[in-house]
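One file, query05.cif, carrying mmCIF, C-alpha atoms and all ligand atoms:
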```
data_entry
loop_
_atom_site.label_atom_id
_atom_site.label_comp_id
_atom_site.auth_asym_id
_atom_site.auth_seq_id
_atom_site.Cartn_x
_atom_site.Cartn_y
_atom_site.Cartn_z
CA MET A 253 -1.19 -25.30 -6.45
CA THR A 254 -1.98 -23.44 -3.27
CA GLU A 255 -5.09 -24.75 -1.60
CA PHE A 256 -7.13 -22.18 0.22
CA GLY A 257 -9.55 -24.88 1.22
CA PRO A 258 -11.32 -25.46 4.50
CA ASP A 259 -8.43 -27.36 6.11
CA PRO A 260 -5.49 -25.08 6.75
CA LEU A 261 -2.06 -26.44 7.68
CA LEU A 262 -1.81 -23.99 10.56
CA GLU A 263 -4.77 -22.72 12.49
CA ALA A 264 -4.34 -20.45 15.49
CA THR A 265 -7.39 -19.13 17.26
CA GLY A 266 -7.66 -16.49 19.95
CA LEU A 267 -3.94 -16.46 20.72
CA ALA A 268 -2.90 -14.22 23.54
CA ARG A 269 0.30 -13.50 25.42
CA SER A 270 1.11 -10.62 27.71
CA PHE A 271 4.25 -9.42 29.43
CA GLY A 272 3.80 -7.60 32.72
CA GLY A 273 0.11 -7.08 32.03
CA VAL A 274 0.66 -5.61 28.57
CA TYR A 275 -0.50 -7.69 25.61
CA ALA A 276 2.20 -8.47 23.05
CA VAL A 277 -0.28 -10.67 21.14
CA ARG A 278 -3.99 -10.32 21.68
CA ASP A 279 -6.82 -12.44 20.27
CA VAL A 280 -4.90 -13.29 17.13
CA ASP A 281 -6.46 -15.69 14.61
CA LEU A 282 -4.27 -17.03 11.85
CA ARG A 283 -5.11 -19.63 9.20
CA VAL A 284 -2.38 -20.59 6.78
CA ALA A 285 -3.17 -22.93 3.89
CA HIS A 286 -1.04 -25.86 2.76
CA GLY A 287 1.62 -24.53 0.41
CA GLU A 288 0.85 -20.90 1.18
CA VAL A 289 3.47 -18.23 1.78
CA ARG A 290 2.07 -15.80 4.32
CA ALA A 291 3.70 -12.54 5.26
CA VAL A 292 3.24 -10.97 8.67
CA ILE A 293 4.05 -7.29 8.75
CA GLY A 294 3.70 -4.54 11.31
CA PRO A 295 5.72 -1.89 13.11
CA ASN A 296 8.41 -2.73 15.66
CA GLY A 297 6.84 -4.11 18.80
CA ALA A 298 3.67 -5.17 16.96
CA GLY A 299 4.01 -8.73 18.29
CA LYS A 300 5.37 -10.51 15.22
CA SER A 301 8.22 -12.34 16.98
CA THR A 302 5.98 -13.14 19.93
CA LEU A 303 3.46 -14.69 17.55
CA PHE A 304 6.22 -16.85 16.07
CA ASN A 305 7.38 -17.88 19.53
CA LEU A 306 3.84 -18.93 20.41
CA VAL A 307 3.55 -21.03 17.26
CA SER A 308 6.97 -22.67 17.65
CA GLY A 309 6.53 -23.16 21.39
CA GLN A 310 9.35 -20.98 22.74
CA LEU A 311 6.66 -19.14 24.68
CA PRO A 312 3.66 -20.85 26.25
CA VAL A 313 0.30 -19.48 25.13
CA GLN A 314 -1.83 -17.84 27.80
CA ARG A 315 -5.01 -18.21 25.78
CA GLY A 316 -6.01 -19.74 22.50
CA ARG A 317 -5.27 -22.88 20.56
CA ILE A 318 -2.98 -23.88 17.73
CA THR A 319 -3.37 -26.82 15.38
CA LEU A 320 -0.98 -28.12 12.74
CA GLY A 321 -2.61 -30.32 10.13
CA GLY A 322 -5.61 -30.62 12.45
CA ARG A 323 -3.52 -31.76 15.40
CA ARG A 324 -3.44 -29.66 18.53
CA ILE A 325 0.12 -28.48 19.29
CA ASP A 326 -0.20 -25.53 21.67
CA GLN A 327 0.57 -27.57 24.80
CA LEU A 328 3.59 -29.33 23.29
CA SER A 329 7.25 -28.51 23.87
CA PRO A 330 9.23 -26.71 21.16
CA HIS A 331 11.07 -29.97 20.53
CA ARG A 332 7.82 -31.91 19.98
CA ARG A 333 6.52 -29.21 17.67
CA ALA A 334 9.78 -29.29 15.72
CA HIS A 335 9.38 -33.03 15.43
CA LEU A 336 5.85 -32.55 14.07
CA GLY A 337 7.16 -30.15 11.46
CA VAL A 338 7.37 -26.60 12.82
CA ALA A 339 10.72 -24.97 12.02
CA ILE A 340 11.85 -21.45 12.78
CA VAL A 341 14.65 -19.13 11.78
CA PHE A 342 14.81 -16.70 14.68
CA GLN A 343 15.15 -12.96 14.25
CA GLY A 344 18.86 -12.14 14.33
CA ALA A 345 19.83 -15.84 14.55
CA ARG A 346 23.56 -16.13 15.22
CA VAL A 347 26.00 -18.59 13.77
CA PHE A 348 28.11 -20.78 16.02
CA HIS A 349 31.65 -19.46 15.68
CA GLY A 350 34.48 -21.92 15.28
CA MET A 351 32.12 -24.40 13.63
CA SER A 352 31.81 -25.14 9.94
CA VAL A 353 28.65 -24.56 7.94
CA LEU A 354 27.99 -28.30 8.06
CA GLU A 355 28.39 -28.41 11.85
CA ASN A 356 26.11 -25.40 12.26
CA VAL A 357 23.46 -27.07 10.15
CA MET A 358 23.88 -30.35 12.04
CA VAL A 359 22.91 -28.54 15.23
CA GLY A 360 19.58 -27.88 13.53
CA ALA A 361 19.22 -31.52 12.62
CA HIS A 362 19.95 -32.54 16.21
CA SER A 363 17.17 -30.34 17.51
CA THR A 364 14.55 -32.47 15.75
CA SER A 365 16.23 -35.85 16.19
CA ARG A 366 14.97 -38.28 18.80
CA ALA A 367 18.23 -38.42 20.72
CA GLY A 368 18.44 -34.67 20.84
CA PHE A 369 21.37 -32.35 20.67
CA LEU A 370 23.11 -33.29 23.90
CA ALA A 371 23.37 -37.00 23.18
CA GLY A 372 24.69 -36.17 19.75
CA ALA A 373 27.15 -33.62 21.06
CA LEU A 374 28.47 -36.13 23.60
CA ARG A 375 28.80 -38.69 20.78
CA LEU A 376 27.44 -41.54 22.84
CA PRO A 377 28.16 -44.82 21.00
CA ARG A 378 24.54 -45.83 20.56
CA HIS A 379 23.94 -42.56 18.81
CA ARG A 380 26.61 -42.99 16.18
CA ALA A 381 24.17 -44.35 13.61
CA GLU A 382 21.87 -41.47 14.27
CA GLU A 383 24.84 -39.10 14.05
CA ARG A 384 25.52 -40.40 10.54
CA ALA A 385 21.88 -39.94 9.61
CA ILE A 386 21.95 -36.39 10.93
CA ARG A 387 25.06 -35.61 8.95
CA ALA A 388 23.39 -36.94 5.81
CA ARG A 389 20.31 -34.80 6.46
CA ALA A 390 22.45 -31.72 7.04
CA GLU A 391 24.40 -32.32 3.83
CA GLU A 392 21.13 -32.70 1.95
CA ALA A 393 19.78 -29.43 3.37
CA ILE A 394 23.01 -27.62 2.47
CA GLU A 395 22.74 -28.95 -1.06
CA ARG A 396 19.08 -27.91 -1.23
CA VAL A 397 19.91 -24.26 -0.46
CA GLY A 398 22.93 -24.21 -2.77
CA LEU A 399 25.65 -23.92 -0.12
CA ALA A 400 27.49 -27.18 -0.83
CA ALA A 401 30.66 -25.37 -1.88
CA TRP A 402 30.77 -23.65 1.54
CA ALA A 403 29.99 -26.68 3.71
CA HIS A 404 33.43 -26.99 5.32
CA ARG A 405 34.20 -23.31 5.80
CA PRO A 406 33.97 -21.72 9.22
CA ALA A 407 30.43 -20.33 9.30
CA GLU A 408 31.48 -16.90 10.56
CA THR A 409 33.60 -16.33 7.46
CA LEU A 410 30.53 -16.44 5.20
CA PRO A 411 29.03 -13.16 4.00
CA LEU A 412 25.90 -12.26 6.01
CA GLY A 413 23.60 -13.27 3.16
CA GLN A 414 25.11 -16.75 3.04
CA GLN A 415 24.86 -17.01 6.82
CA ARG A 416 21.12 -16.41 6.53
CA VAL A 417 20.87 -19.05 3.82
CA MET A 418 22.70 -21.37 6.20
CA GLN A 419 20.11 -20.66 8.91
CA VAL A 420 17.43 -21.69 6.45
CA ALA A 421 19.32 -24.92 5.75
CA ARG A 422 19.51 -25.55 9.48
CA ALA A 423 15.74 -25.13 9.77
CA LEU A 424 15.14 -27.42 6.79
CA CYS A 425 16.97 -30.37 8.39
CA GLY A 426 13.89 -31.65 10.15
CA GLU A 427 11.90 -31.74 6.89
CA PRO A 428 9.44 -29.15 8.24
CA ARG A 429 5.86 -28.76 7.10
CA LEU A 430 5.84 -25.14 8.23
CA LEU A 431 8.81 -22.78 8.16
CA LEU A 432 8.73 -19.54 10.13
CA LEU A 433 11.21 -16.91 8.95
CA ASP A 434 11.61 -13.91 11.27
CA GLU A 435 13.12 -10.98 9.34
CA PRO A 436 15.48 -13.18 7.35
CA ALA A 437 16.44 -10.35 5.00
CA SER A 438 17.21 -7.67 7.57
CA GLY A 439 20.61 -6.08 7.14
CA LEU A 440 21.24 -7.77 3.80
CA ARG A 441 22.44 -5.95 0.71
CA ALA A 442 20.32 -5.91 -2.44
CA ALA A 443 22.08 -8.83 -4.13
CA GLU A 444 21.85 -10.91 -0.94
CA ARG A 445 18.14 -10.13 -0.55
CA GLU A 446 17.65 -11.20 -4.12
CA ARG A 447 19.37 -14.49 -3.48
CA LEU A 448 17.29 -15.10 -0.37
CA ALA A 449 14.09 -14.25 -2.25
CA THR A 450 15.05 -16.76 -4.94
CA LEU A 451 15.58 -19.42 -2.28
CA ILE A 452 12.18 -18.70 -0.72
CA GLU A 453 10.60 -18.95 -4.18
CA GLN A 454 12.34 -22.28 -4.70
CA LEU A 455 11.06 -23.65 -1.38
CA ARG A 456 7.61 -22.41 -2.23
CA ALA A 457 7.76 -24.24 -5.57
CA GLU A 458 8.75 -27.35 -3.62
CA GLY A 459 5.48 -26.98 -1.73
CA LEU A 460 6.78 -25.75 1.62
CA THR A 461 4.37 -23.64 3.68
CA MET A 462 6.06 -20.54 5.09
CA ILE A 463 5.28 -17.55 7.26
CA LEU A 464 7.58 -14.63 6.68
CA VAL A 465 8.07 -11.62 8.91
CA GLU A 466 9.70 -8.80 7.02
CA HIS A 467 9.85 -5.03 7.02
CA ASP A 468 10.59 -4.56 3.35
CA VAL A 469 7.12 -4.43 1.83
CA ALA A 470 8.42 -4.91 -1.72
CA PHE A 471 10.22 -8.08 -0.63
CA VAL A 472 7.06 -9.35 1.04
CA THR A 473 4.61 -8.56 -1.74
CA ARG A 474 6.73 -10.39 -4.25
CA LEU A 475 6.85 -13.58 -2.17
CA ALA A 476 3.61 -13.79 -0.21
CA ASP A 477 0.19 -15.06 -1.25
CA ARG A 478 -1.46 -13.16 1.58
CA ILE A 479 -0.40 -10.61 4.14
CA THR A 480 -1.44 -10.33 7.77
CA VAL A 481 -0.90 -6.94 9.39
CA LEU A 482 -0.30 -6.75 13.13
CA ASP A 483 -0.38 -3.60 15.21
CA LEU A 484 -0.15 -3.49 19.00
CA GLY A 485 -0.58 -7.24 19.16
CA GLU A 486 -3.76 -7.41 17.11
CA VAL A 487 -4.50 -8.33 13.51
CA ILE A 488 -5.71 -5.11 11.90
CA ALA A 489 -5.92 -6.41 8.35
CA GLU A 490 -5.44 -9.51 6.24
CA GLY A 491 -5.61 -10.04 2.52
CA THR A 492 -3.80 -9.96 -0.75
CA THR A 493 -1.21 -7.30 -1.43
CA SER A 494 -3.65 -5.04 -3.25
CA GLU A 495 -6.26 -5.38 -0.52
CA ILE A 496 -3.70 -4.50 2.13
CA ARG A 497 -2.15 -1.59 0.28
CA THR A 498 -5.39 0.33 0.18
CA ASP A 499 -6.57 -0.47 3.72
CA PRO A 500 -6.66 2.85 5.58
CA ARG A 501 -5.81 1.23 8.94
CA VAL A 502 -2.72 -0.37 7.42
CA VAL A 503 -1.60 2.84 5.81
CA ALA A 504 -2.03 4.66 9.11
CA ALA A 505 -0.43 2.00 11.33
CA TYR A 506 2.39 0.79 9.18
CA LEU A 507 2.94 2.09 5.71
CA GLY A 508 2.45 5.67 6.88
CA LYS A 509 5.03 5.30 9.62
CA GLU A 510 7.47 3.61 7.29
CA ALA A 511 7.21 6.39 4.74
CA SER A 512 7.79 9.07 7.35
N1 LIG A 601 10.37 -11.59 26.69
C1 LIG A 601 9.72 -10.43 26.75
N2 LIG A 601 9.56 -9.79 27.94
C2 LIG A 601 8.89 -8.63 28.02
N3 LIG A 601 8.32 -8.01 26.97
C3 LIG A 601 8.45 -8.59 25.78
C4 LIG A 601 9.15 -9.82 25.59
N4 LIG A 601 9.09 -10.17 24.28
C5 LIG A 601 8.40 -9.20 23.67
N5 LIG A 601 8.01 -8.25 24.55
C6 LIG A 601 7.20 -7.06 24.24
O1 LIG A 601 6.12 -7.49 23.45
C7 LIG A 601 5.86 -6.56 22.40
C8 LIG A 601 5.96 -7.27 21.07
O2 LIG A 601 7.33 -7.61 20.83
P1 LIG A 601 7.77 -8.46 19.57
O3 LIG A 601 6.90 -9.64 19.46
O4 LIG A 601 9.23 -8.67 19.68
O5 LIG A 601 7.45 -7.43 18.38
P2 LIG A 601 7.96 -7.42 16.87
O6 LIG A 601 8.63 -8.70 16.58
O7 LIG A 601 6.72 -7.18 16.06
O8 LIG A 601 8.90 -6.25 16.76
C9 LIG A 601 6.84 -5.43 22.58
O9 LIG A 601 6.20 -4.41 23.30
C10 LIG A 601 7.95 -6.06 23.39
O10 LIG A 601 8.60 -5.11 24.16
MG MG A 602 10.51 -9.14 15.93
#
```
Let me see the structure of the file written as structure tokens.
Ligand SMILES: Nc1ncnc2c1ncn2[C@@H]1O[C@H](COP(=O)(O)OP(=O)(O)O)[C@@H](O)[C@H]1O
Ligand SMILES: [Mg+2]
Amino acid sequence: MTEFGPDPLLEATGLARSFGGVYAVRDVDLRVAHGEVRAVIGPNGAGKSTLFNLVSGQLPVQRGRITLGGRRIDQLSPHRRAHLGVAIVFQGARVFHGMSVLENVMVGAHSTSRAGFLAGALRLPRHRAEERAIRARAEEAIERVGLAAWAHRPAETLPLGQQRVMQVARALCGEPRLLLLDEPASGLRAAERERLATLIEQLRAEGLTMILVEHDVAFVTRLADRITVLDLGEVIAEGTTSEIRTDPRVVAAYLGKEAS
């Protein structure tokens, strides 16, 4: 059961980030409950990816604070945040060519391991035990997303939809508490979107908290408990699908533009 109680898993308050004096994210508040699937929508350039980068730590915050499970994380490195349970599938994430699905997913497991990717990549002897553990975690994640049959194929030979599923497996390696998915369905065909939606539903049933950035409103409304609408770096609306659909500011800023 989703808990919309007083203690959210993620709480961001007053987040701000500008580039060259122009705000990409401005005074954004975001509270996401344990087990919730939240969608973040908004036109191109609204600040969705920047918001994700602030939460995952790829970009330092200029103002505001972020807590995960009540613990302050906004001053921590991306690696520390990953270790505490923040995982991200970046917009347009690429596969590593010449590497199998398993190897691609292992890179994700390395990013949250204590030894880190480099030590693992260099195969230092003292890291061999950890290497085995990482491999086991990667295999488990591949199984979890239903890609076991593809594990030893070169990743670039997978259809795009399967590549996206692989990116999700990579993010799941660190057993995240919060998974950020930045436009995971973009460019996918209908059947592939359907498969991805089913995977997100499965993860949701397993209790994983997710934030999903997506342009396809139908895709979002099916999967999300609540929707946050960004425009020009600010939250202009937040609520359930039906609340959002009828909000005049949302229609003007986003749905209107999409329809045109
Ligand atoms: N690294 C960056 N350097 C300069 N401007 C950036 C950078 N990242 C994002 N921006 C700007 O911030 C705004 C928000 O971008 P972004 O977060 O990518 O939007 P969205 O993901 O909603 O399309 C845009 O105006 C974009 O040009
Ligand atoms: Mg983006």
For this session: Give me the residues within 10 Å of A:Leu451 as a list in words, counting only C-alpha atoms and dropping any in the same chain fewer than 2 places off.
Result: Arg396, Val397, Gly398, Val417, Val420, Arg445, Glu446, Arg447, Leu448, Ala449, Glu453, Gln454, Leu455, Arg456 and Ala457 of chain A
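Distance annotation: of A:Gln310, A:Ser301, A:Thr450, A:Thr319, the residue with the minimal separation from A:Glu263 is A:Thr319; atom set is only C-alpha atoms.
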For this session: Taking all atoms listed in the file into account, report as number ranges by chain which residues have an atom no farther than 12 Å from an atom of ligand MG 602 (chain A).
Result: A: 276, 292-305, 341-345, 433-436, 438, 464-467, 482, 485
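From atom CA of A:Met462 back to atom CA of A:Ser270, the distance works out to 25.2 Å.
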Hey, could you pull the box centre and edge lengths for ligand LIG 601 (chain A), axis-aligned, 5 Å padding per side, all listed atoms, to one decimal in Å, as JSON?
```
{"center_x": 8.1, "center_y": -8.0, "center_z": 22.0, "size_x": 14.5, "size_y": 17.2, "size_z": 22.0}
```
Exercise. Skipping near chain neighbours, those fewer than 2 positions away, what residues fall within 7 Å of stretch 458-461 of chain A using all atoms listed in the file, listed as a PyMOL selection string?
Worked result: chain A and resi 286-289+429-431+454-456
Could you write out the selected residues, including C-alpha atoms, as a PDB file, keeping the file's coordinate frame?
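Wrote result.pdb, looks like this:
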```
ATOM      1  CA  HIS A 286      -1.040 -25.860   2.760  1.00  0.00           C
ATOM      2  CA  GLY A 287       1.620 -24.530   0.410  1.00  0.00           C
ATOM      3  CA  GLU A 288       0.850 -20.900   1.180  1.00  0.00           C
ATOM      4  CA  VAL A 289       3.470 -18.230   1.780  1.00  0.00           C
ATOM      5  CA  ARG A 429       5.860 -28.760   7.100  1.00  0.00           C
ATOM      6  CA  LEU A 430       5.840 -25.140   8.230  1.00  0.00           C
ATOM      7  CA  LEU A 431       8.810 -22.780   8.160  1.00  0.00           C
ATOM      8  CA  GLN A 454      12.340 -22.280  -4.700  1.00  0.00           C
ATOM      9  CA  LEU A 455      11.060 -23.650  -1.380  1.00  0.00           C
ATOM     10  CA  ARG A 456       7.610 -22.410  -2.230  1.00  0.00           C
TER      11      ARG A 456
END
```
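Atom O2 of ligand LIG 601 (chain A) is positioned 12.4 Å from atom CA of A:Gly272.
Comparing A:Val338, A:Ile386, A:Leu484, A:Ala285 by their smallest distance to ligand LIG 601 (chain A), the closest is A:Leu484 (using only C-alpha atoms and all ligand atoms).
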Exercise. Pick the closest to ligand LIG 601 (chain A) from A:Ala423, A:Asp483, A:Glu395, A:Ala505: which is it, counting all atoms listed in the file?
Worked result: A:Asp483
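Here the question is which of A:Asp279, A:Asp499, A:Glu486, A:Glu355 gets nearest to A:Arg387 using all atoms listed in the file, and that residue is A:Glu355.
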Give as a short mmCIF file (atom, residue, chain, number, x, y, z; two decimals) with C-alpha atoms, keeping the file's coordinate frame the set of residues within 12 Å of the point (25.6, -29.3, -0.6), where distances use the file's coordinates and all atoms listed in the file.
```cif
data_model
loop_
_atom_site.label_atom_id
_atom_site.label_comp_id
_atom_site.auth_asym_id
_atom_site.auth_seq_id
_atom_site.Cartn_x
_atom_site.Cartn_y
_atom_site.Cartn_z
CA VAL A 353 28.65 -24.56 7.94
CA LEU A 354 27.99 -28.30 8.06
CA VAL A 357 23.46 -27.07 10.15
CA ARG A 387 25.06 -35.61 8.95
CA ALA A 388 23.39 -36.94 5.81
CA ARG A 389 20.31 -34.80 6.46
CA ALA A 390 22.45 -31.72 7.04
CA GLU A 391 24.40 -32.32 3.83
CA GLU A 392 21.13 -32.70 1.95
CA ALA A 393 19.78 -29.43 3.37
CA ILE A 394 23.01 -27.62 2.47
CA GLU A 395 22.74 -28.95 -1.06
CA ARG A 396 19.08 -27.91 -1.23
CA VAL A 397 19.91 -24.26 -0.46
CA GLY A 398 22.93 -24.21 -2.77
CA LEU A 399 25.65 -23.92 -0.12
CA ALA A 400 27.49 -27.18 -0.83
CA ALA A 401 30.66 -25.37 -1.88
CA TRP A 402 30.77 -23.65 1.54
CA ALA A 403 29.99 -26.68 3.71
CA HIS A 404 33.43 -26.99 5.32
CA MET A 418 22.70 -21.37 6.20
CA ALA A 421 19.32 -24.92 5.75
#
```
Exercise. Nearest to ligand LIG 601 (chain A): which of A:Arg323, A:Gln419, A:Val481, A:Ala442 is it, counting all atoms listed in the file?
Worked result: A:Val481
For this session: Identify, on the basis of only C-alpha atoms, every residue whose closest approach to stretch 312-317 of chain A does not exceed 8 Å; exclude the query and any residue fewer than 2 positions from it along the same chain; express the result as a list in words.
Result: Ala264, Thr265, Gly266, Leu267, Ala268, Arg269, Ser270, Asp279, Leu306, Gly309, Gln310, Thr319, Arg324, Ile325, Asp326 and Gln327 of chain A
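Going from atom CA of A:Gly321 to atom CA of A:Ala385 covers 26.3 Å.
Minimum atom-to-atom distances from A:Val487, A:Ala381, A:Ala407, A:Ile452 to ligand LIG 601 (chain A) were compared using only C-alpha atoms and all ligand atoms, and the lowest value belongs to A:Val487.
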Exercise. Counting all atoms listed in the file, what is within 6 Å of stretch 471-477 of chain A, bar same-chain residues fewer than 5 positions away, as a PyMOL selection string?
Worked result: chain A and resi 289-291+493
